[in-house]
$ cat entry.cif   # mmCIF, C-alpha atoms
data_query
#
loop_
_atom_site.label_atom_id
_atom_site.label_comp_id
_atom_site.auth_asym_id
_atom_site.auth_seq_id
_atom_site.Cartn_x
_atom_site.Cartn_y
_atom_site.Cartn_z
CA MET A 813 11.87 2.02 15.82
CA ALA A 814 10.94 4.84 13.46
CA ARG A 815 13.38 5.97 10.77
CA ARG A 816 12.84 9.24 8.96
CA ILE A 817 13.76 9.64 5.29
CA ASP A 818 13.58 13.05 3.62
CA VAL A 819 11.86 13.22 0.26
CA THR A 820 11.69 16.19 -2.11
CA GLY A 821 8.21 16.73 -3.43
CA THR A 822 7.06 18.73 -6.44
CA GLY A 823 8.02 22.38 -6.28
CA GLY A 824 10.85 21.52 -3.89
CA VAL A 825 8.54 20.91 -0.93
CA ARG A 826 10.32 18.92 1.80
CA LEU A 827 8.44 15.79 2.79
CA ALA A 828 9.07 13.41 5.69
CA ALA A 829 8.72 9.68 5.06
CA TRP A 830 8.86 7.11 7.84
CA GLU A 831 9.77 3.43 8.17
CA PHE A 832 8.38 1.78 11.28
CA GLY A 833 9.77 -1.70 10.65
CA ASP A 834 12.77 -3.12 12.50
CA PRO A 835 14.96 -3.58 10.59
CA PRO A 836 13.77 -1.83 7.41
CA LYS A 837 14.00 -3.84 4.22
CA THR A 838 15.91 -2.56 1.19
CA ASP A 839 15.68 -3.06 -2.57
CA PRO A 840 12.21 -4.67 -2.49
CA ALA A 841 12.21 -5.43 -6.21
CA LYS A 842 15.34 -7.55 -5.80
CA GLU A 843 14.23 -9.64 -2.85
CA PRO A 844 14.05 -13.36 -3.81
CA ASP A 845 11.08 -14.00 -1.53
CA GLY A 846 8.84 -11.61 -3.43
CA THR A 847 9.04 -8.73 -0.96
CA THR A 848 7.17 -5.69 -2.28
CA GLY A 849 7.33 -2.00 -1.57
CA VAL A 850 4.32 -0.44 0.14
CA LEU A 851 3.60 3.30 0.37
CA LEU A 852 1.05 4.33 3.00
CA LEU A 853 -0.87 7.57 2.45
CA HIS A 854 -2.88 9.10 5.31
CA GLY A 855 -6.06 11.12 4.94
CA LEU A 856 -6.75 14.83 5.34
CA MET A 857 -5.35 16.08 8.69
CA GLY A 858 -3.63 12.73 9.25
CA ARG A 859 0.04 11.89 9.53
CA ALA A 860 2.38 9.01 8.78
CA SER A 861 2.35 7.82 12.41
CA HIS A 862 -1.32 6.88 12.06
CA TRP A 863 -0.03 3.96 9.99
CA ALA A 864 2.56 2.80 12.56
CA SER A 865 0.78 -0.38 13.66
CA THR A 866 -0.07 -1.32 10.05
CA ALA A 867 3.48 -0.59 8.89
CA ARG A 868 5.00 -2.75 11.64
CA TRP A 869 3.19 -5.92 10.63
CA LEU A 870 3.65 -5.11 6.95
CA SER A 871 7.41 -4.82 7.53
CA GLU A 872 7.56 -8.52 8.35
CA ARG A 873 7.16 -9.25 4.62
CA HIS A 874 7.34 -5.93 2.80
CA ARG A 875 9.24 -2.67 2.83
CA ALA A 876 6.54 -0.34 4.18
CA VAL A 877 7.00 3.44 4.19
CA ALA A 878 4.44 5.99 5.40
CA LEU A 879 4.53 9.51 3.98
CA ASP A 880 3.70 12.76 5.75
CA GLN A 881 2.01 14.47 2.83
CA ARG A 882 2.52 18.18 2.19
CA GLY A 883 0.97 20.34 4.91
CA HIS A 884 0.81 17.37 7.29
CA GLY A 885 2.92 15.85 10.06
CA ARG A 886 6.60 16.82 9.82
CA SER A 887 6.42 17.84 6.15
CA ASP A 888 6.56 21.43 4.92
CA LYS A 889 3.60 23.74 5.48
CA SER A 890 4.80 26.74 3.50
CA PRO A 891 2.09 29.32 2.71
CA GLN A 892 3.52 29.44 -0.82
CA ALA A 893 3.12 25.69 -1.41
CA SER A 894 0.54 24.33 -3.82
CA PHE A 895 -2.20 22.10 -2.40
CA THR A 896 -3.76 20.92 -5.64
CA ARG A 897 -4.59 17.31 -6.45
CA GLU A 898 -1.72 17.32 -8.93
CA ALA A 899 0.73 18.37 -6.20
CA TYR A 900 -0.32 15.53 -3.87
CA VAL A 901 -0.16 12.96 -6.68
CA ASP A 902 3.21 14.22 -7.90
CA ASP A 903 4.55 14.04 -4.33
CA ALA A 904 3.55 10.38 -4.02
CA GLU A 905 5.14 9.68 -7.40
CA ALA A 906 8.36 11.37 -6.25
CA ALA A 907 8.32 9.37 -3.01
CA LEU A 908 8.03 6.05 -4.87
CA GLU A 909 10.94 6.93 -7.12
CA GLN A 910 13.22 8.45 -4.49
CA LEU A 911 12.59 5.67 -1.97
CA GLY A 912 13.08 2.92 -4.55
CA LEU A 913 9.72 1.32 -3.76
CA ALA A 914 8.28 0.94 -7.25
CA PRO A 915 6.46 -1.00 -8.43
CA ALA A 916 4.64 -0.66 -5.13
CA VAL A 917 1.33 -1.30 -3.46
CA LEU A 918 -0.34 1.96 -2.45
CA ILE A 919 -2.50 1.93 0.68
CA GLY A 920 -4.51 5.09 1.15
CA HIS A 921 -7.06 6.28 3.68
CA ALA A 922 -9.66 8.88 2.63
CA MET A 923 -7.85 11.67 0.73
CA GLY A 924 -4.75 9.46 0.62
CA ALA A 925 -6.80 6.78 -1.15
CA LEU A 926 -7.80 9.29 -3.82
CA THR A 927 -4.13 10.17 -4.29
CA ALA A 928 -3.36 6.45 -4.58
CA TRP A 929 -5.84 5.68 -7.33
CA GLN A 930 -5.05 8.88 -9.22
CA LEU A 931 -1.36 7.97 -9.21
CA ALA A 932 -2.15 4.40 -10.27
CA ALA A 933 -4.12 5.80 -13.22
CA LYS A 934 -1.33 8.24 -14.12
CA ARG A 935 1.70 5.95 -13.66
CA PRO A 936 0.68 2.29 -13.93
CA ASP A 937 4.36 1.35 -14.23
CA LEU A 938 4.93 2.46 -10.62
CA VAL A 939 1.94 0.75 -9.01
CA ARG A 940 1.26 -2.98 -8.67
CA GLY A 941 -1.79 -2.73 -6.39
CA VAL A 942 -4.04 -0.21 -4.62
CA ILE A 943 -5.99 -0.42 -1.37
CA ILE A 944 -8.70 2.24 -1.09
CA CYS A 945 -9.89 2.79 2.47
CA ASP A 946 -13.17 4.64 3.01
CA MET A 947 -12.97 7.22 0.22
CA ARG A 948 -15.88 8.19 -2.00
CA ALA A 949 -15.60 8.59 -5.76
CA SER A 950 -18.66 10.83 -6.04
CA ALA A 951 -18.64 14.62 -5.69
CA LEU A 952 -19.44 15.89 -2.18
CA GLY A 953 -20.31 19.46 -3.14
CA ALA A 954 -20.27 23.00 -1.74
CA ALA A 955 -22.43 22.22 1.29
CA SER A 956 -19.88 19.67 2.49
CA GLN A 957 -17.07 22.20 2.20
CA ARG A 958 -19.06 24.79 4.19
CA GLU A 959 -19.74 22.21 6.90
CA TRP A 960 -16.03 21.51 7.21
CA ALA A 961 -15.18 25.22 7.44
CA ASP A 962 -17.76 25.63 10.22
CA TRP A 963 -16.46 22.53 11.97
CA PHE A 964 -12.90 23.86 12.11
CA LYS A 965 -14.22 27.07 13.66
CA SER A 966 -15.98 25.05 16.38
CA TRP A 967 -12.75 23.53 17.72
CA PRO A 968 -12.04 24.88 21.24
CA VAL A 969 -8.35 25.56 20.52
CA PRO A 970 -6.00 25.75 22.20
CA PHE A 971 -6.70 22.62 24.22
CA ALA A 972 -5.29 22.79 27.74
CA THR A 973 -4.17 19.14 27.78
CA LEU A 974 -4.06 16.11 25.52
CA ALA A 975 -6.77 14.60 27.71
CA ASP A 976 -8.98 17.51 26.65
CA VAL A 977 -8.17 16.76 23.02
CA ARG A 978 -9.16 13.11 23.45
CA LYS A 979 -12.38 14.01 25.24
CA TRP A 980 -13.51 16.64 22.77
CA PHE A 981 -12.88 14.61 19.62
CA GLY A 982 -13.96 11.35 21.22
CA GLU A 983 -17.08 12.59 23.03
CA ASP A 984 -17.96 16.30 22.84
CA ASP A 985 -17.49 17.06 19.14
CA PRO A 986 -20.99 17.56 17.60
CA TRP A 987 -19.94 15.27 14.76
CA VAL A 988 -19.54 12.34 17.20
CA GLU A 989 -22.69 10.23 17.31
CA ARG A 990 -21.49 8.08 20.20
CA PRO A 991 -18.30 8.04 22.32
CA ASN A 992 -15.33 6.89 20.25
CA ALA A 993 -12.03 6.60 22.08
CA ALA A 994 -10.14 5.71 18.89
CA ARG A 995 -11.24 8.98 17.30
CA GLY A 996 -9.97 10.88 20.33
CA GLU A 997 -6.60 9.15 20.06
CA PHE A 998 -6.46 9.81 16.33
CA TYR A 999 -6.77 13.58 16.83
CA ALA A 1000 -4.48 13.62 19.86
CA GLU A 1001 -1.80 12.34 17.50
CA VAL A 1002 -2.07 15.41 15.24
CA MET A 1003 -1.63 17.94 18.06
CA HIS A 1004 1.55 19.55 19.34
CA GLU A 1005 2.24 21.58 22.44
CA CYS A 1006 2.50 25.35 22.01
CA GLU A 1007 3.02 28.10 24.58
CA ASP A 1008 -0.73 28.49 25.13
CA GLY A 1009 -1.72 24.81 24.93
CA TRP A 1010 -2.21 22.08 22.33
CA ARG A 1011 -2.90 22.99 18.71
CA PRO A 1012 -3.00 21.00 15.46
CA VAL A 1013 0.30 20.40 13.67
CA PHE A 1014 -1.40 21.42 10.41
CA VAL A 1015 -2.83 24.76 9.28
CA PRO A 1016 -6.64 24.43 9.05
CA ASP A 1017 -6.86 26.81 6.08
CA GLN A 1018 -4.40 24.61 4.18
CA MET A 1019 -6.59 21.60 4.92
CA LEU A 1020 -9.64 23.39 3.51
CA THR A 1021 -7.63 24.45 0.46
CA SER A 1022 -6.52 20.84 -0.06
CA ARG A 1023 -10.07 19.59 0.30
CA GLU A 1024 -11.64 22.06 -2.10
CA THR A 1025 -9.50 20.69 -4.91
CA TRP A 1026 -11.44 17.40 -4.89
CA VAL A 1027 -14.84 17.76 -3.17
CA PHE A 1028 -16.53 19.46 -6.12
CA ASP A 1029 -15.61 16.76 -8.64
CA ALA A 1030 -16.41 13.09 -9.10
CA HIS A 1031 -13.49 10.73 -9.61
CA TRP A 1032 -14.99 7.75 -11.41
CA GLU A 1033 -12.98 8.33 -14.59
CA GLU A 1034 -9.65 7.85 -12.79
CA LEU A 1035 -10.99 4.71 -11.10
CA ALA A 1036 -11.77 3.22 -14.49
CA GLN A 1037 -8.16 3.86 -15.55
CA VAL A 1038 -6.61 1.85 -12.69
CA GLN A 1039 -5.33 -1.31 -14.38
CA CYS A 1040 -3.72 -3.01 -11.36
CA PRO A 1041 -5.59 -5.04 -8.71
CA ALA A 1042 -7.52 -2.74 -6.37
CA LEU A 1043 -9.28 -3.43 -3.08
CA VAL A 1044 -12.04 -1.13 -1.81
CA VAL A 1045 -12.37 -1.31 1.98
CA ARG A 1046 -15.11 0.34 4.01
CA GLY A 1047 -16.03 0.44 7.66
CA LEU A 1048 -19.59 -0.62 8.29
CA ASP A 1049 -20.29 2.81 9.84
CA GLY A 1050 -17.87 4.78 7.67
CA GLU A 1051 -18.45 7.59 5.20
CA LEU A 1052 -18.37 5.32 2.14
CA GLY A 1053 -21.71 3.59 1.73
CA ARG A 1054 -21.98 -0.03 0.64
CA ALA A 1055 -23.76 0.75 -2.63
CA GLU A 1056 -21.17 3.31 -3.70
CA ALA A 1057 -18.31 1.05 -2.63
CA GLN A 1058 -19.67 -1.81 -4.71
CA GLU A 1059 -20.13 0.52 -7.69
CA MET A 1060 -16.48 1.56 -7.30
CA VAL A 1061 -15.53 -2.12 -7.41
CA ARG A 1062 -17.58 -2.55 -10.57
CA VAL A 1063 -15.91 0.44 -12.25
CA LEU A 1064 -12.40 -0.68 -11.32
CA PRO A 1065 -11.12 -3.08 -14.01
CA ARG A 1066 -9.72 -5.44 -11.34
CA GLY A 1067 -11.66 -4.35 -8.28
CA GLU A 1068 -12.36 -6.31 -5.10
CA TYR A 1069 -14.42 -5.47 -2.01
CA ALA A 1070 -13.92 -5.84 1.74
CA GLU A 1071 -15.92 -4.63 4.72
CA VAL A 1072 -14.85 -4.25 8.35
CA SER A 1073 -17.60 -4.54 10.94
CA ASP A 1074 -17.71 -2.30 14.02
CA ALA A 1075 -15.52 0.24 12.21
CA GLY A 1076 -16.22 3.81 11.23
CA HIS A 1077 -14.31 6.12 8.92
CA LEU A 1078 -11.00 5.47 10.73
CA VAL A 1079 -11.05 1.78 9.82
CA HIS A 1080 -7.38 1.02 10.53
CA TYR A 1081 -7.64 2.89 13.84
CA ASP A 1082 -11.06 1.60 14.95
CA GLN A 1083 -10.48 -2.07 14.24
CA PRO A 1084 -6.80 -2.84 13.54
CA GLU A 1085 -7.30 -6.62 13.64
CA GLY A 1086 -10.30 -6.48 11.32
CA TRP A 1087 -8.39 -4.14 9.04
CA ARG A 1088 -5.47 -6.55 8.83
CA ALA A 1089 -7.77 -9.48 8.13
CA ALA A 1090 -9.43 -7.50 5.34
CA ILE A 1091 -6.30 -6.44 3.47
CA GLU A 1092 -3.71 -9.17 4.13
CA PRO A 1093 -5.14 -11.73 1.65
CA PHE A 1094 -5.13 -9.05 -1.06
CA LEU A 1095 -1.52 -8.14 -0.28
CA ASP A 1096 -0.48 -11.78 -0.37
CA ALA A 1097 -2.14 -12.25 -3.76
CA VAL A 1098 -0.46 -9.16 -5.21
CA ARG A 1099 2.87 -10.24 -3.72
CA THR A 1100 2.81 -13.60 -5.44
#
$ encode --input "entry.cif" --output "structure tokens"
Amino acid sequence: MARRIDVTGTGGVRLAAWEFGDPPKTDPAKEPDGTTGVLLLHGLMGRASHWASTARWLSERHRAVALDQRGHGRSDKSPQASFTREAYVDDAEAALEQLGLAPAVLIGHAMGALTAWQLAAKRPDLVRGVIICDMRASALGAASQREWADWFKSWPVPFATLADVRKWFGEDDPWVERPNAARGEFYAEVMHECEDGWRPVFVPDQMLTSRETWVFDAHWEELAQVQCPALVVRGLDGELGRAEAQEMVRVLPRGEYAEVSDAGHLVHYDQPEGWRAAIEPFLDAVRT
């Protein structure tokens, strides 16, 4: 099952949160068995449903909720909305409080991981653990932002069918080094059917606006302010290199490291079993 819960983000932006467990757990802080709240934060262009398989096994022992962040999934995409780092962090803070999850474990992928550790640094009272999946702390720079803008322009939208979506993102996209069916499925999940074909559920310009609020800056200072246990996870072929990941662990006051082989940037999508094996011991330790 999937249960939607509406959350009001900063500036009154309407956000959609989702529980994929059956049945969902309530009042995690009061559970005698040590059940914890978990908030799952997707990356840029992602959506809460990308966490469905993770949330289902988490729900066996935790109350796991995945958030469609502003501009993503079923959440608001108003042209007047703010897409700053502060807005994303404040939204996650509002979700924890309105959903009654705190103190929670935050699990974030890419941009969602940055939101997670920035919130942990800002509100340590709300966060009992952080899992950082394939997100760099170093600045990526102007060239990276230009590459992304050019990449969006290269998309052959609208796609005639979802099969075309899967093929382009899994095989034909110039950014694909070798066929990757999981990547095709990942992008198929962020498309919706329009009158002329399949288009992304997000507004590409809003994605670029969101991205430009963090790519020009390094984020080591916030990492150093995270006082709770933190696990840095990378895919062997992901965007976060081993040396930078290990430096992030060193900077984190209570940092740990995990690596998933045969996984790229979409670690939880590429290798769900390896992903679970990497993060479950950390979750168990935080839970007890």
$ resolve_selection --input "entry.cif" --expression "the PyMOL selection byres ((chain A and resi 1064-1067) around 8)" --output "number ranges by chain"
A: 1035-1044, 1060-1063, 1068-1069
$ closest_residue --input "entry.cif" --among "A:Gly920, A:Ala1057, A:Leu856, A:Ser887" --to "Glu1024 of chain A" --atoms "all atoms listed in the file"
A:Leu856
$ resolve_selection --input "entry.cif" --expression "the PyMOL selection byres ((chain A and resi 1080) around 10)" --output "MDAnalysis selection string"
chainID A and resid 862:863 865:866 921 945 994 1047 1072 1075:1079 1081:1088
$ residues_around --input "entry.cif" --residues "Ala878 of chain A" --least-positions-apart "5" --cutoff "7 Å" --atoms "only C-alpha atoms" --output "list in words"
Ala829, Trp830, Glu831, Leu851, Leu852, Leu853, Ala860 and Trp863 of chain A
$ atom_distance --input "entry.cif" --atom1 "atom CA of Pro1016 of chain A" --atom2 "atom CA of Ser966 of chain A"
11.9 Å
